[in-house]
Amino acid sequence: MESSFALKKNETQALKIPKHIGIIMDGNGRWAQKRGLSRSCGHKAGAKVFRKITLYCSRLGVEYLTVYAFSTENWHRPKPEVNFLMNLFEQYLNECLEDFKDENIRVNFIGDTKKFTQKLQRLISKVEKASQSSTGLVLNIAMNYGGRAEIVSAVKKISQRILANEITIDEIDENLISENLYTFLQPDPDLIIRPSGECRLSNFLPWQSVYSELIFMNVLWPDFTEKDLDNAILQYNKRDRRFGKVK
Ligand code: FPP
């Protein structure tokens, strides 16, 4: 496995590895279309890349990886495509379970997972529980995730606490909102990568991404390699992050 590293060990040591990387896994459909294949084939190829890139991030020492697997808007796709994706999630979550355990990866799902079938919900809980004690990479899988829905859910949780007289309106601040998001206790993403050539965030981590470095790449997700991740990290290292301050 060591040979699949794209960056050599001395190169990674000289680089700042982002603590938290977000990836919008986009371009599966176009990848398949270009080959005259069904969109499902593209998702299948994309799932393989998800597994490969997760393991690579873990080995690079990335602490948090958030992947956008299914958005709140993706339910509007044709039913056969949605069904295919649900089956693919089941298959992959089952298959990756061992990989993740061996790699000391902790899996966490972000999004409203209650909308999934009972079977998939049980699998999600199983994967989360099985990896709970892992101390390595935290892998957030965003499924039925929407950034706006996440903020609405935080507002509701906070409002309930106000109604129960547990907190006052004056206590609402940025920390309180962050604490009520799915990414509670996690650092904001340093780097967000979107392959496929689209240059937008599409409802991915709108609160958390305000100071993320954004890298849009012209490669379709199923073609994304460890080398592409290296290139994104190299570009990230050239960015001057000031967080609104003067250096
Ligand atoms: C976007 O590409 C991709 C998705 C909606 C699905 C992503 C899911 C995977 C890669 C599987 C991951 C598996 C697990 C278990 C997390 P698109 O279909 O919008 O591509 P297009 O823009 O070219 O049509």
# chains A, B, ... in the order shown; residues from 1 in each chain; ligands from 1
>>> closest_atom_pairs(of="chain A", to="ligand 1", cutoff="6 Å", atoms="only C-alpha atoms and all ligand atoms", output="JSON lines")
{"residue": "A:Met25", "atom": "CA", "partner": "ligand 1", "partner_atom_place_in_ligand_line": "3 (C)", "distance": 5.4}
{"residue": "A:Asp26", "atom": "CA", "partner": "ligand 1", "partner_atom_place_in_ligand_line": "2 (O)", "distance": 3.9}
{"residue": "A:Gly27", "atom": "CA", "partner": "ligand 1", "partner_atom_place_in_ligand_line": "23 (O)", "distance": 3.3}
{"residue": "A:Asn28", "atom": "CA", "partner": "ligand 1", "partner_atom_place_in_ligand_line": "20 (O)", "distance": 4.0}
{"residue": "A:Gly29", "atom": "CA", "partner": "ligand 1", "partner_atom_place_in_ligand_line": "24 (O)", "distance": 3.6}
{"residue": "A:Arg30", "atom": "CA", "partner": "ligand 1", "partner_atom_place_in_ligand_line": "23 (O)", "distance": 3.6}
{"residue": "A:His43", "atom": "CA", "partner": "ligand 1", "partner_atom_place_in_ligand_line": "10 (C)", "distance": 5.4}
{"residue": "A:Gly46", "atom": "CA", "partner": "ligand 1", "partner_atom_place_in_ligand_line": "10 (C)", "distance": 4.0}
{"residue": "A:Ala47", "atom": "CA", "partner": "ligand 1", "partner_atom_place_in_ligand_line": "11 (C)", "distance": 3.9}
{"residue": "A:Phe50", "atom": "CA", "partner": "ligand 1", "partner_atom_place_in_ligand_line": "12 (C)", "distance": 5.8}
{"residue": "A:Ala69", "atom": "CA", "partner": "ligand 1", "partner_atom_place_in_ligand_line": "7 (C)", "distance": 4.3}
{"residue": "A:Phe70", "atom": "CA", "partner": "ligand 1", "partner_atom_place_in_ligand_line": "5 (C)", "distance": 5.2}
{"residue": "A:Phe89", "atom": "CA", "partner": "ligand 1", "partner_atom_place_in_ligand_line": "15 (C)", "distance": 4.1}
{"residue": "A:Tyr92", "atom": "CA", "partner": "ligand 1", "partner_atom_place_in_ligand_line": "15 (C)", "distance": 4.7}
{"residue": "A:Leu93", "atom": "CA", "partner": "ligand 1", "partner_atom_place_in_ligand_line": "15 (C)", "distance": 5.2}
{"residue": "A:Ile141", "atom": "CA", "partner": "ligand 1", "partner_atom_place_in_ligand_line": "16 (C)", "distance": 6.0}
>>> select_by_dssp(residues="segment 1-245 of chain A", states="alpha helix (DSSP H)", output="PyMOL selection string")
chain A and resi 9-14+28-34+39-60+79-102+118-130+147-163+174-179+226-238
>>> residues_around(residues="Gln132 of chain A", least_positions_apart="2", cutoff="9 Å", atoms="only C-alpha atoms", output="JSON, numbers by chain")
{"A": [105, 106, 107, 108, 127, 128, 129, 130, 134, 135]}
>>> write_last_selection(atoms="C-alpha atoms", output="PDB file, in the first residue's frame")
ATOM      1  CA  ILE A 105     -10.907   5.886  10.989  1.00  0.00           C
ATOM      2  CA  ARG A 106     -13.910   7.207  12.926  1.00  0.00           C
ATOM      3  CA  VAL A 107     -17.012   7.577  10.795  1.00  0.00           C
ATOM      4  CA  ASN A 108     -19.595  10.197  11.523  1.00  0.00           C
ATOM      5  CA  VAL A 127     -20.814   1.988  11.202  1.00  0.00           C
ATOM      6  CA  GLU A 128     -20.757   4.909  13.649  1.00  0.00           C
ATOM      7  CA  LYS A 129     -20.731   2.607  16.687  1.00  0.00           C
ATOM      8  CA  ALA A 130     -18.148   0.230  15.249  1.00  0.00           C
ATOM      9  CA  SER A 134     -11.010   4.967  16.538  1.00  0.00           C
ATOM     10  CA  THR A 135      -8.589   7.795  17.152  1.00  0.00           C
TER      11      THR A 135
END
>>> residues_around(residues="segment 110-122 of chain A", least_positions_apart="3", cutoff="7 Å", atoms="only C-alpha atoms", output="list in words")
Glu90, Ser125, Lys126, Asn140, Ile141, Ala142, Met143, Asn144, Tyr145, Gly146 and Tyr182 of chain A
>>> write_last_selection(atoms="N, CA and C atoms", output="short mmCIF file (atom, residue, chain, number, x, y, z; two decimals), in the first residue's frame")
data_model
loop_
_atom_site.label_atom_id
_atom_site.label_comp_id
_atom_site.auth_asym_id
_atom_site.auth_seq_id
_atom_site.Cartn_x
_atom_site.Cartn_y
_atom_site.Cartn_z
N GLU A 90 -25.35 1.38 0.92
CA GLU A 90 -25.40 0.16 1.76
C GLU A 90 -24.19 -0.72 1.48
N SER A 125 -25.92 3.57 11.94
CA SER A 125 -25.63 3.48 13.38
C SER A 125 -24.54 2.46 13.64
N LYS A 126 -24.62 1.33 12.92
CA LYS A 126 -23.63 0.27 13.11
C LYS A 126 -22.22 0.78 12.77
N ASN A 140 -16.43 12.48 8.00
CA ASN A 140 -17.83 12.88 8.00
C ASN A 140 -18.41 12.55 6.64
N ILE A 141 -19.44 11.71 6.63
CA ILE A 141 -20.12 11.43 5.36
C ILE A 141 -21.42 12.24 5.37
N ALA A 142 -21.49 13.21 4.46
CA ALA A 142 -22.68 14.07 4.41
C ALA A 142 -23.73 13.39 3.54
N MET A 143 -24.80 12.93 4.20
CA MET A 143 -25.85 12.21 3.48
C MET A 143 -27.20 12.79 3.87
N ASN A 144 -27.99 13.12 2.88
CA ASN A 144 -29.18 13.95 3.05
C ASN A 144 -28.76 15.19 3.83
N TYR A 145 -27.66 15.76 3.36
CA TYR A 145 -27.11 16.96 3.98
C TYR A 145 -27.45 18.17 3.12
N GLY A 146 -27.83 19.24 3.81
CA GLY A 146 -28.01 20.55 3.16
C GLY A 146 -27.57 21.58 4.18
N TYR A 182 -24.18 20.03 12.79
CA TYR A 182 -23.77 18.61 12.79
C TYR A 182 -22.28 18.47 13.06
#
>>> closest_atom_pairs(of="segment 18-104 of chain A", to="segment 215-236 of chain A", cutoff="12 Å", atoms="only C-alpha atoms", output="JSON lines")
{"residue": "A:Pro18", "atom": "CA", "partner": "A:Ile233", "partner_atom": "CA", "distance": 7.5}
{"residue": "A:Lys19", "atom": "CA", "partner": "A:Ile233", "partner_atom": "CA", "distance": 11.1}
{"residue": "A:His20", "atom": "CA", "partner": "A:Ile233", "partner_atom": "CA", "distance": 11.5}
{"residue": "A:Ile21", "atom": "CA", "partner": "A:Ile233", "partner_atom": "CA", "distance": 9.6}
{"residue": "A:Gly22", "atom": "CA", "partner": "A:Ile215", "partner_atom": "CA", "distance": 10.3}
{"residue": "A:Ile23", "atom": "CA", "partner": "A:Ile215", "partner_atom": "CA", "distance": 9.7}
{"residue": "A:Ile24", "atom": "CA", "partner": "A:Trp221", "partner_atom": "CA", "distance": 8.7}
{"residue": "A:Met25", "atom": "CA", "partner": "A:Trp221", "partner_atom": "CA", "distance": 5.6}
{"residue": "A:Asp26", "atom": "CA", "partner": "A:Trp221", "partner_atom": "CA", "distance": 5.5}
{"residue": "A:Gly27", "atom": "CA", "partner": "A:Leu220", "partner_atom": "CA", "distance": 4.7}
{"residue": "A:Asn28", "atom": "CA", "partner": "A:Trp221", "partner_atom": "CA", "distance": 6.0}
{"residue": "A:Gly29", "atom": "CA", "partner": "A:Leu220", "partner_atom": "CA", "distance": 9.1}
{"residue": "A:Arg30", "atom": "CA", "partner": "A:Leu220", "partner_atom": "CA", "distance": 7.5}
{"residue": "A:Trp31", "atom": "CA", "partner": "A:Leu220", "partner_atom": "CA", "distance": 6.2}
{"residue": "A:Ala32", "atom": "CA", "partner": "A:Pro222", "partner_atom": "CA", "distance": 9.0}
{"residue": "A:Gln33", "atom": "CA", "partner": "A:Leu220", "partner_atom": "CA", "distance": 11.5}
{"residue": "A:Lys34", "atom": "CA", "partner": "A:Leu220", "partner_atom": "CA", "distance": 10.6}
{"residue": "A:Arg35", "atom": "CA", "partner": "A:Pro222", "partner_atom": "CA", "distance": 12.0}
{"residue": "A:Arg39", "atom": "CA", "partner": "A:Pro222", "partner_atom": "CA", "distance": 11.6}
{"residue": "A:Ser40", "atom": "CA", "partner": "A:Pro222", "partner_atom": "CA", "distance": 11.9}
{"residue": "A:Cys41", "atom": "CA", "partner": "A:Pro222", "partner_atom": "CA", "distance": 9.9}
{"residue": "A:Gly42", "atom": "CA", "partner": "A:Pro222", "partner_atom": "CA", "distance": 6.9}
{"residue": "A:His43", "atom": "CA", "partner": "A:Pro222", "partner_atom": "CA", "distance": 8.0}
{"residue": "A:Lys44", "atom": "CA", "partner": "A:Pro222", "partner_atom": "CA", "distance": 8.6}
{"residue": "A:Ala45", "atom": "CA", "partner": "A:Pro222", "partner_atom": "CA", "distance": 5.4}
{"residue": "A:Gly46", "atom": "CA", "partner": "A:Pro222", "partner_atom": "CA", "distance": 4.5}
{"residue": "A:Ala47", "atom": "CA", "partner": "A:Pro222", "partner_atom": "CA", "distance": 8.0}
{"residue": "A:Lys48", "atom": "CA", "partner": "A:Pro222", "partner_atom": "CA", "distance": 7.9}
{"residue": "A:Val49", "atom": "CA", "partner": "A:Pro222", "partner_atom": "CA", "distance": 6.0}
{"residue": "A:Phe50", "atom": "CA", "partner": "A:Pro222", "partner_atom": "CA", "distance": 8.7}
{"residue": "A:Arg51", "atom": "CA", "partner": "A:Pro222", "partner_atom": "CA", "distance": 11.2}
{"residue": "A:Lys52", "atom": "CA", "partner": "A:Glu226", "partner_atom": "CA", "distance": 8.1}
{"residue": "A:Ile53", "atom": "CA", "partner": "A:Glu226", "partner_atom": "CA", "distance": 6.5}
{"residue": "A:Thr54", "atom": "CA", "partner": "A:Glu226", "partner_atom": "CA", "distance": 9.9}
{"residue": "A:Leu55", "atom": "CA", "partner": "A:Glu226", "partner_atom": "CA", "distance": 9.9}
{"residue": "A:Tyr56", "atom": "CA", "partner": "A:Glu226", "partner_atom": "CA", "distance": 6.9}
{"residue": "A:Cys57", "atom": "CA", "partner": "A:Leu229", "partner_atom": "CA", "distance": 8.7}
{"residue": "A:Ser58", "atom": "CA", "partner": "A:Glu226", "partner_atom": "CA", "distance": 11.9}
{"residue": "A:Arg59", "atom": "CA", "partner": "A:Glu226", "partner_atom": "CA", "distance": 11.1}
{"residue": "A:Leu60", "atom": "CA", "partner": "A:Asp230", "partner_atom": "CA", "distance": 9.7}
{"residue": "A:Val62", "atom": "CA", "partner": "A:Ile233", "partner_atom": "CA", "distance": 10.8}
{"residue": "A:Val67", "atom": "CA", "partner": "A:Trp221", "partner_atom": "CA", "distance": 11.8}
{"residue": "A:Tyr68", "atom": "CA", "partner": "A:Trp221", "partner_atom": "CA", "distance": 11.7}
{"residue": "A:Ala69", "atom": "CA", "partner": "A:Trp221", "partner_atom": "CA", "distance": 11.6}
>>> closest_atom_pairs(of="segment 159-186 of chain A", to="segment 199-211 of chain A", cutoff="9 Å", atoms="only C-alpha atoms", output="Markdown table")
| residue | atom | partner | partner_atom | distance |
| --- | --- | --- | --- | --- |
| A:Ser178 | CA | A:Trp207 | CA | 8.1 |
| A:Leu181 | CA | A:Trp207 | CA | 9.0 |
| A:Thr183 | CA | A:Gln208 | CA | 8.5 |
>>> closest_residue(among="A:Ser131, A:Asn165, A:Asn180, A:Asn104", to="Val152 of chain A", atoms="only C-alpha atoms")
A:Asn180
>>> select_by_dssp(residues="segment 57-239 of chain A", states="strand (DSSP E)", output="number ranges by chain")
A: 64-71, 106-110, 138-145, 191-194, 213-216
>>> closest_residue(among="A:Ser196, A:Ser159, A:Asn87, A:Asn10", to="Ile177 of chain A", atoms="only C-alpha atoms")
A:Ser159
>>> closest_residue(among="A:Ile158, A:Lys79, A:Ala149, A:Glu103", to="Asn175 of chain A", atoms="only C-alpha atoms")
A:Ile158
>>> atom_distance(atom1="atom CA of Asp99 of chain A", atom2="atom CA of Asn74 of chain A")
27.3 Å
>>> closest_residue(among="A:Leu123, A:Ser153, A:Ser212, A:Gly136", to="Phe100 of chain A", atoms="only C-alpha atoms")
A:Gly136
>>> atom_distance(atom1="atom CA of Glu98 of chain A", atom2="atom CA of Asp190 of chain A")
28.2 Å
